[in-house]
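Asker: Just so it is clear, I am handing over start32.cif, which has mmCIF, C-alpha atoms and all ligand atoms.
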data_upload
#
loop_
_atom_site.label_atom_id
_atom_site.label_comp_id
_atom_site.auth_asym_id
_atom_site.auth_seq_id
_atom_site.Cartn_x
_atom_site.Cartn_y
_atom_site.Cartn_z
CA MET A 201 92.79 91.74 84.85
CA ALA A 202 94.47 95.11 84.22
CA GLY A 203 92.08 98.05 84.50
CA CYS A 204 89.61 95.93 86.45
CA CYS A 205 88.53 98.59 88.92
CA ASP A 206 86.41 101.68 88.92
CA PRO A 207 88.65 104.38 90.51
CA ARG A 208 85.52 106.29 91.61
CA SER A 209 84.58 103.50 94.02
CA TYR A 210 88.06 103.83 95.59
CA GLU A 211 87.86 107.63 95.73
CA ARG A 212 84.56 107.42 97.57
CA LEU A 213 86.05 105.22 100.32
CA PHE A 214 89.62 106.52 100.24
CA GLY A 215 88.99 110.18 99.54
CA ALA A 216 89.88 113.51 101.12
CA LYS A 217 88.06 112.67 104.38
CA ALA A 218 89.98 109.41 104.87
CA ALA A 219 93.19 111.23 103.94
CA ALA A 220 92.59 113.95 106.56
CA ARG A 221 91.88 111.29 109.19
CA ASP A 222 95.01 109.27 108.31
CA ALA A 223 97.26 112.35 108.27
CA ARG A 224 95.86 113.59 111.59
CA ARG A 225 96.41 110.20 113.19
CA TYR A 226 99.95 109.97 111.84
CA ARG A 227 100.86 113.47 113.07
CA ARG A 228 99.53 112.68 116.55
CA ARG A 229 100.61 109.11 117.06
CA GLY A 230 103.04 108.09 114.32
CA LEU A 231 102.71 104.79 112.46
CA THR A 232 100.23 102.09 113.47
CA GLY A 233 101.63 98.87 114.92
CA THR A 234 101.30 96.94 111.65
CA ALA A 235 103.02 99.71 109.70
CA ARG A 236 105.84 99.69 112.29
CA ASP A 237 106.17 95.94 111.66
CA LEU A 238 106.76 96.67 107.96
CA VAL A 239 109.47 99.23 108.75
CA GLU A 240 111.17 96.59 110.90
CA LEU A 241 110.78 93.90 108.24
CA ALA A 242 112.36 96.26 105.69
CA GLY A 243 115.69 95.87 107.52
CA ASP A 244 118.54 98.23 106.60
CA VAL A 245 117.17 100.68 104.04
CA SER A 246 120.24 102.96 103.84
CA GLY A 247 120.39 104.40 100.33
CA ALA A 248 117.47 102.25 99.16
CA THR A 249 114.69 103.25 96.78
CA VAL A 250 111.18 102.53 98.08
CA LEU A 251 107.96 101.88 96.16
CA ASP A 252 104.79 102.28 98.27
CA VAL A 253 101.84 100.82 96.36
CA GLY A 254 98.45 102.06 97.58
CA GLY A 255 100.42 104.14 100.04
CA GLY A 256 97.65 106.60 100.96
CA VAL A 257 99.06 109.76 102.56
CA GLY A 258 102.53 108.20 102.43
CA ALA A 259 103.33 107.75 106.13
CA LEU A 260 105.32 104.56 105.47
CA GLU A 261 107.69 106.14 102.97
CA LEU A 262 108.19 109.15 105.24
CA GLU A 263 109.38 106.76 107.96
CA LEU A 264 111.56 104.76 105.55
CA LEU A 265 113.16 107.99 104.29
CA ALA A 266 113.79 108.97 107.92
CA ALA A 267 115.40 105.54 108.39
CA GLY A 268 117.88 106.21 105.58
CA ALA A 269 116.11 105.41 102.28
CA GLU A 270 117.17 107.64 99.41
CA ARG A 271 113.99 108.14 97.39
CA ALA A 272 110.40 106.89 97.30
CA THR A 273 107.57 106.50 94.82
CA ASN A 274 103.94 106.28 95.90
CA VAL A 275 101.42 104.85 93.43
CA GLU A 276 97.81 105.38 94.56
CA LEU A 277 94.61 104.43 92.79
CA SER A 278 92.70 107.17 94.63
CA GLY A 279 93.51 110.81 93.96
CA GLY A 280 91.96 111.79 97.31
CA TYR A 281 95.20 111.69 99.27
CA GLU A 282 97.28 114.15 97.25
CA GLU A 283 96.60 117.34 99.22
CA GLU A 284 97.31 115.82 102.63
CA ALA A 285 100.34 113.95 101.26
CA ALA A 286 101.80 117.18 99.86
CA GLU A 287 101.34 118.87 103.25
CA LEU A 288 103.08 116.04 105.10
CA LEU A 289 105.97 116.13 102.63
CA ALA A 290 106.31 119.90 102.99
CA GLU A 291 106.26 119.70 106.80
CA ARG A 292 109.22 117.33 106.64
CA GLY A 293 111.03 119.06 103.77
CA LEU A 294 110.93 115.87 101.70
CA GLN A 295 109.14 117.15 98.57
CA GLY A 296 112.14 116.49 96.34
CA ARG A 297 112.55 112.88 97.39
CA VAL A 298 109.07 111.43 96.78
CA ASP A 299 107.30 110.96 93.44
CA ARG A 300 103.55 110.50 93.67
CA LEU A 301 101.50 108.92 90.93
CA VAL A 302 97.71 108.47 90.82
CA ALA A 303 97.13 105.23 88.90
CA ASP A 304 96.20 101.57 89.11
CA PHE A 305 99.65 100.13 89.83
CA VAL A 306 98.88 96.86 88.01
CA SER A 307 98.54 98.58 84.65
CA GLU A 308 101.25 101.20 85.21
CA PRO A 309 104.81 100.83 83.85
CA VAL A 310 106.62 101.62 87.13
CA GLU A 311 110.38 100.95 87.31
CA GLY A 312 112.01 98.57 89.79
CA HIS A 313 112.76 99.65 93.39
CA ASP A 314 114.89 98.09 96.14
CA VAL A 315 112.05 97.81 98.65
CA VAL A 316 108.37 97.52 97.70
CA VAL A 317 105.61 97.85 100.31
CA MET A 318 101.87 97.21 100.14
CA HIS A 319 100.33 97.95 103.50
CA ARG A 320 96.65 96.87 103.71
CA VAL A 321 96.34 96.98 99.92
CA VAL A 322 96.05 93.32 98.81
CA CYS A 323 92.68 93.20 100.62
CA CYS A 324 91.44 96.11 98.45
CA TYR A 325 92.08 94.62 95.02
CA PRO A 326 90.36 91.69 93.26
CA ASP A 327 93.30 90.39 91.24
CA VAL A 328 95.79 89.07 93.82
CA ASP A 329 98.01 87.38 91.20
CA GLY A 330 98.21 90.55 89.10
CA LEU A 331 98.84 92.87 92.05
CA VAL A 332 101.39 90.77 93.96
CA GLY A 333 103.00 89.64 90.68
CA ALA A 334 103.43 93.26 89.50
CA ALA A 335 104.87 94.24 92.90
CA ALA A 336 107.26 91.27 92.94
CA ALA A 337 108.42 92.05 89.40
CA ARG A 338 109.39 95.59 90.60
CA THR A 339 111.22 94.34 93.72
CA ARG A 340 115.03 94.33 93.67
CA ARG A 341 115.52 93.23 97.28
CA ARG A 342 112.48 92.99 99.52
CA LEU A 343 108.69 92.95 99.16
CA LEU A 344 106.63 93.68 102.28
CA LEU A 345 102.89 93.03 102.55
CA THR A 346 100.17 93.41 105.17
CA TYR A 347 96.88 91.58 104.62
CA PRO A 348 94.03 90.13 106.70
CA GLN A 349 94.74 86.83 108.45
CA GLU A 350 93.09 83.79 106.89
CA ARG A 351 90.47 83.03 109.54
CA PRO A 352 86.88 81.92 108.98
CA TRP A 353 85.44 84.81 110.99
CA ILE A 354 87.49 87.36 109.05
CA ARG A 355 86.12 85.89 105.81
CA ALA A 356 82.61 86.12 107.32
CA GLY A 357 83.30 89.76 108.31
CA ALA A 358 84.43 90.55 104.76
CA ARG A 359 81.16 89.07 103.42
CA VAL A 360 79.14 91.33 105.75
CA VAL A 361 81.18 94.39 104.76
CA ASN A 362 80.74 93.53 101.08
CA LEU A 363 76.98 93.13 101.49
CA ALA A 364 76.84 96.59 103.10
CA LEU A 365 78.95 98.01 100.27
CA ARG A 366 76.69 96.42 97.65
CA LEU A 367 73.55 97.75 99.35
CA SER A 368 75.09 101.22 99.49
CA GLY A 369 75.69 101.11 95.73
CA SER A 370 79.48 100.87 95.94
CA SER A 371 81.32 98.54 93.54
CA PHE A 372 84.32 98.39 95.92
CA ARG A 373 84.84 94.99 97.63
CA ALA A 374 87.13 93.75 100.42
CA TYR A 375 89.08 90.51 99.84
CA VAL A 376 90.72 87.89 102.07
CA HIS A 377 93.08 86.42 99.48
CA PRO A 378 94.87 83.12 100.31
CA VAL A 379 98.48 83.62 101.42
CA ALA A 380 99.44 80.64 99.22
CA ARG A 381 98.39 82.67 96.14
CA MET A 382 100.60 85.61 97.24
CA VAL A 383 103.55 83.25 97.80
CA GLU A 384 103.01 81.73 94.35
CA ALA A 385 102.75 85.13 92.63
CA ALA A 386 105.91 86.37 94.38
CA SER A 387 107.90 83.22 93.71
CA ALA A 388 107.02 83.38 89.99
CA HIS A 389 109.19 86.54 90.02
CA GLY A 390 112.08 85.06 92.02
CA LEU A 391 111.03 86.08 95.55
CA ALA A 392 110.97 83.71 98.54
CA LEU A 393 108.87 84.10 101.69
CA ASN A 394 111.25 85.06 104.50
CA GLU A 395 109.03 85.93 107.49
CA ARG A 396 105.37 86.11 108.51
CA ARG A 397 104.30 88.12 111.52
CA ARG A 398 100.84 88.39 113.09
CA ARG A 399 99.72 91.43 115.06
CA GLY A 400 96.42 91.29 116.91
CA VAL A 401 93.62 89.24 115.42
CA ILE A 402 93.18 90.87 112.02
CA TRP A 403 96.45 91.74 110.31
CA GLU A 404 99.43 89.70 109.20
CA SER A 405 102.64 91.00 107.61
CA ALA A 406 105.02 89.11 105.36
CA ALA A 407 108.50 89.79 104.01
CA PHE A 408 109.65 88.28 100.69
CA VAL A 409 113.30 88.47 99.64
CA ARG A 410 114.97 88.06 96.28
CA ALA A 411 116.41 84.55 96.33
C1 LIG A 501 93.10 100.45 103.17
S1 LIG A 501 93.89 101.65 102.16
C2 LIG A 501 95.52 101.63 102.87
C3 LIG A 501 96.29 102.91 102.63
C4 LIG A 501 97.67 102.90 103.28
N1 LIG A 501 98.51 101.87 102.69
C5 LIG A 501 97.53 102.68 104.76
O1 LIG A 501 97.69 101.55 105.23
O2 LIG A 501 97.21 103.66 105.47
C6 LIG A 501 94.16 100.74 100.64
C7 LIG A 501 94.69 101.65 99.56
O3 LIG A 501 95.16 100.86 98.46
C8 LIG A 501 94.88 101.56 97.27
N2 LIG A 501 94.95 100.59 96.16
C9 LIG A 501 94.27 99.41 96.05
N3 LIG A 501 94.59 98.78 94.89
C10 LIG A 501 95.50 99.58 94.27
C11 LIG A 501 96.19 99.49 93.02
N4 LIG A 501 95.99 98.45 92.19
N5 LIG A 501 97.04 100.48 92.67
C12 LIG A 501 97.23 101.55 93.51
N6 LIG A 501 96.60 101.69 94.69
C13 LIG A 501 95.73 100.73 95.08
C14 LIG A 501 93.51 102.16 97.52
O4 LIG A 501 93.25 103.26 96.68
C15 LIG A 501 93.62 102.56 98.99
O5 LIG A 501 94.05 103.89 99.15
#
Would you mind writing the file's structure down as C-alpha cells?

Answerer:
Amino acid sequence: MAGCCDPRSYERLFGAKAAARDARRYRRRGLTGTARDLVELAGDVSGATVLDVGGGVGALELELLAAGAERATNVELSGGYEEEAAELLAERGLQGRVDRLVADFVSEPVEGHDVVVMHRVVCCYPDVDGLVGAAAARTRRRLLLTYPQERPWIRAGARVVNLALRLSGSSFRAYVHPVARMVEAASAHGLALNERRRRGVIWESAAFVRA
C-alpha cells in the first residue's frame, strides 16, 4: 500500500502548531513516560545508528544521542516539524549528527540502522504490515514500538475520534492495529518479540530483537 496517504491530512494534524507544543513540552519536562520506556528498551546504544520513523521534533533521537548513539535519521511524513526540530538540534549542537527526511517511510529507500524506533506512529498509518515490515527490514539490532493497547474501549475511542475526523473533512484516521500483526510483520524480517511493557491505560511499548 505504498503511497497510501495524503500528506496534507498529516500536516494539518501534525503541523507547526503541534511541533511548537511538542518542543515546548520537551524543553520544559523532557521525554514523556512512554518515550522514556523506549530509551530504556533500547539498551546500550553506544556507537549505534538510530532511525526514528515518524519522529516528530526528534526528542527521542536527541536522548539516544545523549545516551551514546553515534548518528540518527528522522523520517517524517509531515513537513511541519522541521523548524522546531532544527532549533532543538542547534540548541544541543547536534546538527551534524542527525539527518532529517520528509517522506512516507514505507515508500522511501532508507538504509539499515542499528536501532529503529516508532513512537506512537503505528496508530497513525493504515498499512501495519507495510510500516512494521519496512521498519523491521531496516533494523540491524532492535526495533522499538509504542502503540495503543488492544482494549475494547480504546477501539471504541478510536471510532469516535475517526468519526470526528471524518465530519471535519480530514482523511486522517487513527488505528488500533492487532499486536499479532506487528509480531508477524517483524518476524517475517527475522525479528523476535523480546519485551512488552504497558504504561497507564492507553500505551504499550514493545522491543523486537534480531534473532
Ligand atoms: C502521534 S505523532 C508522534 C510523533 C512523535 N513520534 C512523538 O511521539 O512525539 C505520529 C507521527 O507519525 C508520522 N507518521 C505516520 N506514518 C508515517 C510514515 N509512514 N512515514 C513517516 N512518518 C509517519 C506522522 O506524520 C506523525 O508526525

Asker: Which distance in Å separates atom C1 of ligand LIG 501 (chain A) and atom CA of Arg320 of chain A, to one decimal?

Answerer: 5.1 Å

Asker: May I have the residues within 10 Å of Glu395 of chain A as a ChimeraX atom specification, using all atoms listed in the file and disregarding those fewer than 3 positions away in the same chain?

Answerer: /A:241,344,392,405-409

Asker: Taking only C-alpha atoms and all ligand atoms into account, name the residue in A:Arg271, A:His319, A:Arg397, A:Arg208 that is nearest to ligand LIG 501 (chain A).

Answerer: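 Counting only C-alpha atoms and all ligand atoms, the residue closest to ligand LIG 501 (chain A) is A:His319.
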
Asker: Collect all residues with atoms no farther than 8 Å from ligand LIG 501 (chain A), counting all atoms listed in the file, and output them as a PyMOL selection string.

Answerer: chain A and resi 207+210-211+214+222+235+252-260+275-278+281+302-307+318-325+331

Asker: Could you please take those selected residues and save C-alpha atoms as a CSV table (one decimal), keeping the file's coordinate frame?

Answerer:
chain,number,residue,atom,x,y,z
A,207,PRO,CA,88.6,104.4,90.5
A,210,TYR,CA,88.1,103.8,95.6
A,211,GLU,CA,87.9,107.6,95.7
A,214,PHE,CA,89.6,106.5,100.2
A,222,ASP,CA,95.0,109.3,108.3
A,235,ALA,CA,103.0,99.7,109.7
A,252,ASP,CA,104.8,102.3,98.3
A,253,VAL,CA,101.8,100.8,96.4
A,254,GLY,CA,98.4,102.1,97.6
A,255,GLY,CA,100.4,104.1,100.0
A,256,GLY,CA,97.6,106.6,101.0
A,257,VAL,CA,99.1,109.8,102.6
A,258,GLY,CA,102.5,108.2,102.4
A,259,ALA,CA,103.3,107.8,106.1
A,260,LEU,CA,105.3,104.6,105.5
A,275,VAL,CA,101.4,104.8,93.4
A,276,GLU,CA,97.8,105.4,94.6
A,277,LEU,CA,94.6,104.4,92.8
A,278,SER,CA,92.7,107.2,94.6
A,281,TYR,CA,95.2,111.7,99.3
A,302,VAL,CA,97.7,108.5,90.8
A,303,ALA,CA,97.1,105.2,88.9
A,304,ASP,CA,96.2,101.6,89.1
A,305,PHE,CA,99.6,100.1,89.8
A,306,VAL,CA,98.9,96.9,88.0
A,307,SER,CA,98.5,98.6,84.6
A,318,MET,CA,101.9,97.2,100.1
A,319,HIS,CA,100.3,98.0,103.5
A,320,ARG,CA,96.6,96.9,103.7
A,321,VAL,CA,96.3,97.0,99.9
A,322,VAL,CA,96.0,93.3,98.8
A,323,CYS,CA,92.7,93.2,100.6
A,324,CYS,CA,91.4,96.1,98.4
A,325,TYR,CA,92.1,94.6,95.0
A,331,LEU,CA,98.8,92.9,92.0

Asker: What is the distance, in Å and to one decimal place, between atom CA of Thr232 of chain A and atom CA of Val245 of chain A?

Answerer: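 Interatomic distance here is 19.4 Å.
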
Asker: Identify the residues around (102.0, 88.4, 107.9) within a radius of 10 Å, measuring from all atoms listed in the file in the coordinates stated by the file, and give them as a VMD selection string.

Answerer: chain A and resid 234 237 to 238 344 to 349 379 395 to 399 403 to 407

Asker: What's the separation between atom CA of Gly230 of chain A and atom CA of Val328 of chain A, in Å to one decimal place?

Answerer: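 Atom CA of Gly230 of chain A sits 28.9 Å away from atom CA of Val328 of chain A.
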
Asker: With distances taken over all atoms listed in the file, which residue among A:Gly330, A:Ala223, A:Arg229, A:Ala336 lies nearest Ala286 of chain A?

Answerer: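 Under the stated criterion, the closest residue is A:Ala223.
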
Asker: Using only C-alpha atoms, which protein or nucleic acid residues come within 12 Å of Leu365 of chain A? Drop anything in the same chain fewer than 4 positions from it, and give the result as a PDB file with C-alpha atoms, in the coordinates of the input.

Answerer:
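This went into selection_2.pdb:
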ATOM      1  CA  SER A 209      84.580 103.500  94.020  1.00  0.00           C
ATOM      2  CA  TYR A 210      88.060 103.830  95.590  1.00  0.00           C
ATOM      3  CA  ARG A 212      84.560 107.420  97.570  1.00  0.00           C
ATOM      4  CA  LEU A 213      86.050 105.220 100.320  1.00  0.00           C
ATOM      5  CA  ALA A 358      84.430  90.550 104.760  1.00  0.00           C
ATOM      6  CA  ARG A 359      81.160  89.070 103.420  1.00  0.00           C
ATOM      7  CA  VAL A 360      79.140  91.330 105.750  1.00  0.00           C
ATOM      8  CA  VAL A 361      81.180  94.390 104.760  1.00  0.00           C
ATOM      9  CA  GLY A 369      75.690 101.110  95.730  1.00  0.00           C
ATOM     10  CA  SER A 370      79.480 100.870  95.940  1.00  0.00           C
ATOM     11  CA  SER A 371      81.320  98.540  93.540  1.00  0.00           C
ATOM     12  CA  PHE A 372      84.320  98.390  95.920  1.00  0.00           C
ATOM     13  CA  ARG A 373      84.840  94.990  97.630  1.00  0.00           C
ATOM     14  CA  ALA A 374      87.130  93.750 100.420  1.00  0.00           C
TER      15      ALA A 374
END

Asker: Smallest atom-to-atom distance to Lys217 of chain A: which of A:Glu308, A:Glu284, A:Asp244, A:Glu291, using all atoms listed in the file?

Answerer: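 Smallest separation from Lys217 of chain A among the options: A:Glu284.
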
Asker: Rank A:Asn362, A:Leu262, A:Gly333, A:Pro352 by their smallest atom-to-atom distance to Ala386 of chain A, using all atoms listed in the file, and report the top residue only.

Answerer: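 Residue with the minimum atom-to-atom distance to Ala386 of chain A: A:Gly333.
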
Asker: Of the residues A:Ala364, A:Ala335, A:Ala267, A:Ala272, which is the one nearest to Leu391 of chain A, using all atoms listed in the file?

Answerer: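 Closest residue, counting all atoms listed in the file: A:Ala335.
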
Asker: From the set A:Ala356, A:Ala269, A:Ala385, A:Ala411, which residue has the shortest atom-to-atom contact distance to Thr249 of chain A, counting all atoms listed in the file?

Answerer: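 Checking each candidate against Thr249 of chain A, we get A:Ala269 as the closest.
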
Asker: Any chance you could model all heavy atoms for segment 358-369 of chain A and send them as an mmCIF file, keeping the file's coordinate frame?

Answerer:
data_model
loop_
_atom_site.group_PDB
_atom_site.id
_atom_site.type_symbol
_atom_site.label_atom_id
_atom_site.label_comp_id
_atom_site.auth_asym_id
_atom_site.auth_seq_id
_atom_site.Cartn_x
_atom_site.Cartn_y
_atom_site.Cartn_z
ATOM 1 N N ALA A 358 84.276 89.943 106.090
ATOM 2 C CA ALA A 358 84.430 90.550 104.760
ATOM 3 C C ALA A 358 83.124 90.413 103.968
ATOM 4 O O ALA A 358 82.733 91.334 103.232
ATOM 5 C CB ALA A 358 85.589 89.904 104.016
ATOM 6 N N ARG A 359 82.435 89.261 104.147
ATOM 7 C CA ARG A 359 81.160 89.070 103.420
ATOM 8 C C ARG A 359 80.118 90.100 103.887
ATOM 9 O O ARG A 359 79.374 90.658 103.082
ATOM 10 C CB ARG A 359 80.647 87.637 103.601
ATOM 11 C CG ARG A 359 81.346 86.635 102.668
ATOM 12 C CD ARG A 359 80.568 85.321 102.569
ATOM 13 N NE ARG A 359 80.598 84.585 103.820
ATOM 14 C CZ ARG A 359 81.576 83.737 104.164
ATOM 15 N NH1 ARG A 359 82.582 83.504 103.345
ATOM 16 N NH2 ARG A 359 81.539 83.115 105.320
ATOM 17 N N VAL A 360 80.102 90.349 105.210
ATOM 18 C CA VAL A 360 79.140 91.330 105.750
ATOM 19 C C VAL A 360 79.463 92.727 105.221
ATOM 20 O O VAL A 360 78.584 93.468 104.765
ATOM 21 C CB VAL A 360 79.164 91.310 107.304
ATOM 22 C CG1 VAL A 360 78.312 92.439 107.868
ATOM 23 C CG2 VAL A 360 78.696 89.955 107.826
ATOM 24 N N VAL A 361 80.753 93.069 105.265
ATOM 25 C CA VAL A 361 81.180 94.390 104.760
ATOM 26 C C VAL A 361 80.794 94.532 103.289
ATOM 27 O O VAL A 361 80.268 95.564 102.851
ATOM 28 C CB VAL A 361 82.714 94.561 104.945
ATOM 29 C CG1 VAL A 361 83.231 95.773 104.173
ATOM 30 C CG2 VAL A 361 83.064 94.685 106.429
ATOM 31 N N ASN A 362 81.025 93.453 102.524
ATOM 32 C CA ASN A 362 80.740 93.530 101.080
ATOM 33 C C ASN A 362 79.236 93.648 100.790
ATOM 34 O O ASN A 362 78.837 94.313 99.836
ATOM 35 C CB ASN A 362 81.345 92.318 100.366
ATOM 36 C CG ASN A 362 82.859 92.454 100.281
ATOM 37 O OD1 ASN A 362 83.392 93.554 100.390
ATOM 38 N ND2 ASN A 362 83.553 91.341 100.110
ATOM 39 N N LEU A 363 78.430 92.998 101.652
ATOM 40 C CA LEU A 363 76.980 93.130 101.490
ATOM 41 C C LEU A 363 76.581 94.588 101.720
ATOM 42 O O LEU A 363 75.813 95.180 100.945
ATOM 43 C CB LEU A 363 76.258 92.193 102.465
ATOM 44 C CG LEU A 363 74.737 92.290 102.447
ATOM 45 C CD1 LEU A 363 74.191 91.863 101.075
ATOM 46 C CD2 LEU A 363 74.115 91.441 103.552
ATOM 47 N N ALA A 364 77.155 95.176 102.798
ATOM 48 C CA ALA A 364 76.840 96.590 103.100
ATOM 49 C C ALA A 364 77.288 97.489 101.958
ATOM 50 O O ALA A 364 76.567 98.422 101.573
ATOM 51 C CB ALA A 364 77.514 96.989 104.413
ATOM 52 N N LEU A 365 78.449 97.193 101.380
ATOM 53 C CA LEU A 365 78.950 98.010 100.270
ATOM 54 C C LEU A 365 78.009 97.895 99.065
ATOM 55 O O LEU A 365 77.680 98.882 98.402
ATOM 56 C CB LEU A 365 80.361 97.563 99.873
ATOM 57 C CG LEU A 365 81.472 97.997 100.846
ATOM 58 C CD1 LEU A 365 82.751 97.182 100.608
ATOM 59 C CD2 LEU A 365 81.764 99.487 100.706
ATOM 60 N N ARG A 366 77.578 96.633 98.798
ATOM 61 C CA ARG A 366 76.690 96.420 97.650
ATOM 62 C C ARG A 366 75.376 97.177 97.843
ATOM 63 O O ARG A 366 74.884 97.855 96.942
ATOM 64 C CB ARG A 366 76.429 94.917 97.469
ATOM 65 C CG ARG A 366 75.643 94.599 96.202
ATOM 66 C CD ARG A 366 75.885 93.169 95.729
ATOM 67 N NE ARG A 366 75.435 92.167 96.684
ATOM 68 C CZ ARG A 366 74.194 91.736 96.803
ATOM 69 N NH1 ARG A 366 73.249 92.205 96.008
ATOM 70 N NH2 ARG A 366 73.866 90.827 97.702
ATOM 71 N N LEU A 367 74.819 97.077 99.081
ATOM 72 C CA LEU A 367 73.550 97.750 99.350
ATOM 73 C C LEU A 367 73.685 99.277 99.264
ATOM 74 O O LEU A 367 72.732 99.975 98.936
ATOM 75 C CB LEU A 367 73.025 97.355 100.741
ATOM 76 C CG LEU A 367 72.619 95.878 100.863
ATOM 77 C CD1 LEU A 367 72.217 95.535 102.292
ATOM 78 C CD2 LEU A 367 71.484 95.529 99.891
ATOM 79 N N SER A 368 74.896 99.759 99.550
ATOM 80 C CA SER A 368 75.090 101.220 99.490
ATOM 81 C C SER A 368 75.400 101.692 98.066
ATOM 82 O O SER A 368 75.611 102.876 97.828
ATOM 83 C CB SER A 368 76.220 101.649 100.429
ATOM 84 O OG SER A 368 77.464 101.287 99.858
ATOM 85 N N GLY A 369 75.480 100.728 97.129
ATOM 86 C CA GLY A 369 75.690 101.110 95.730
ATOM 87 C C GLY A 369 77.153 101.184 95.334
ATOM 88 O O GLY A 369 77.470 101.569 94.207
#
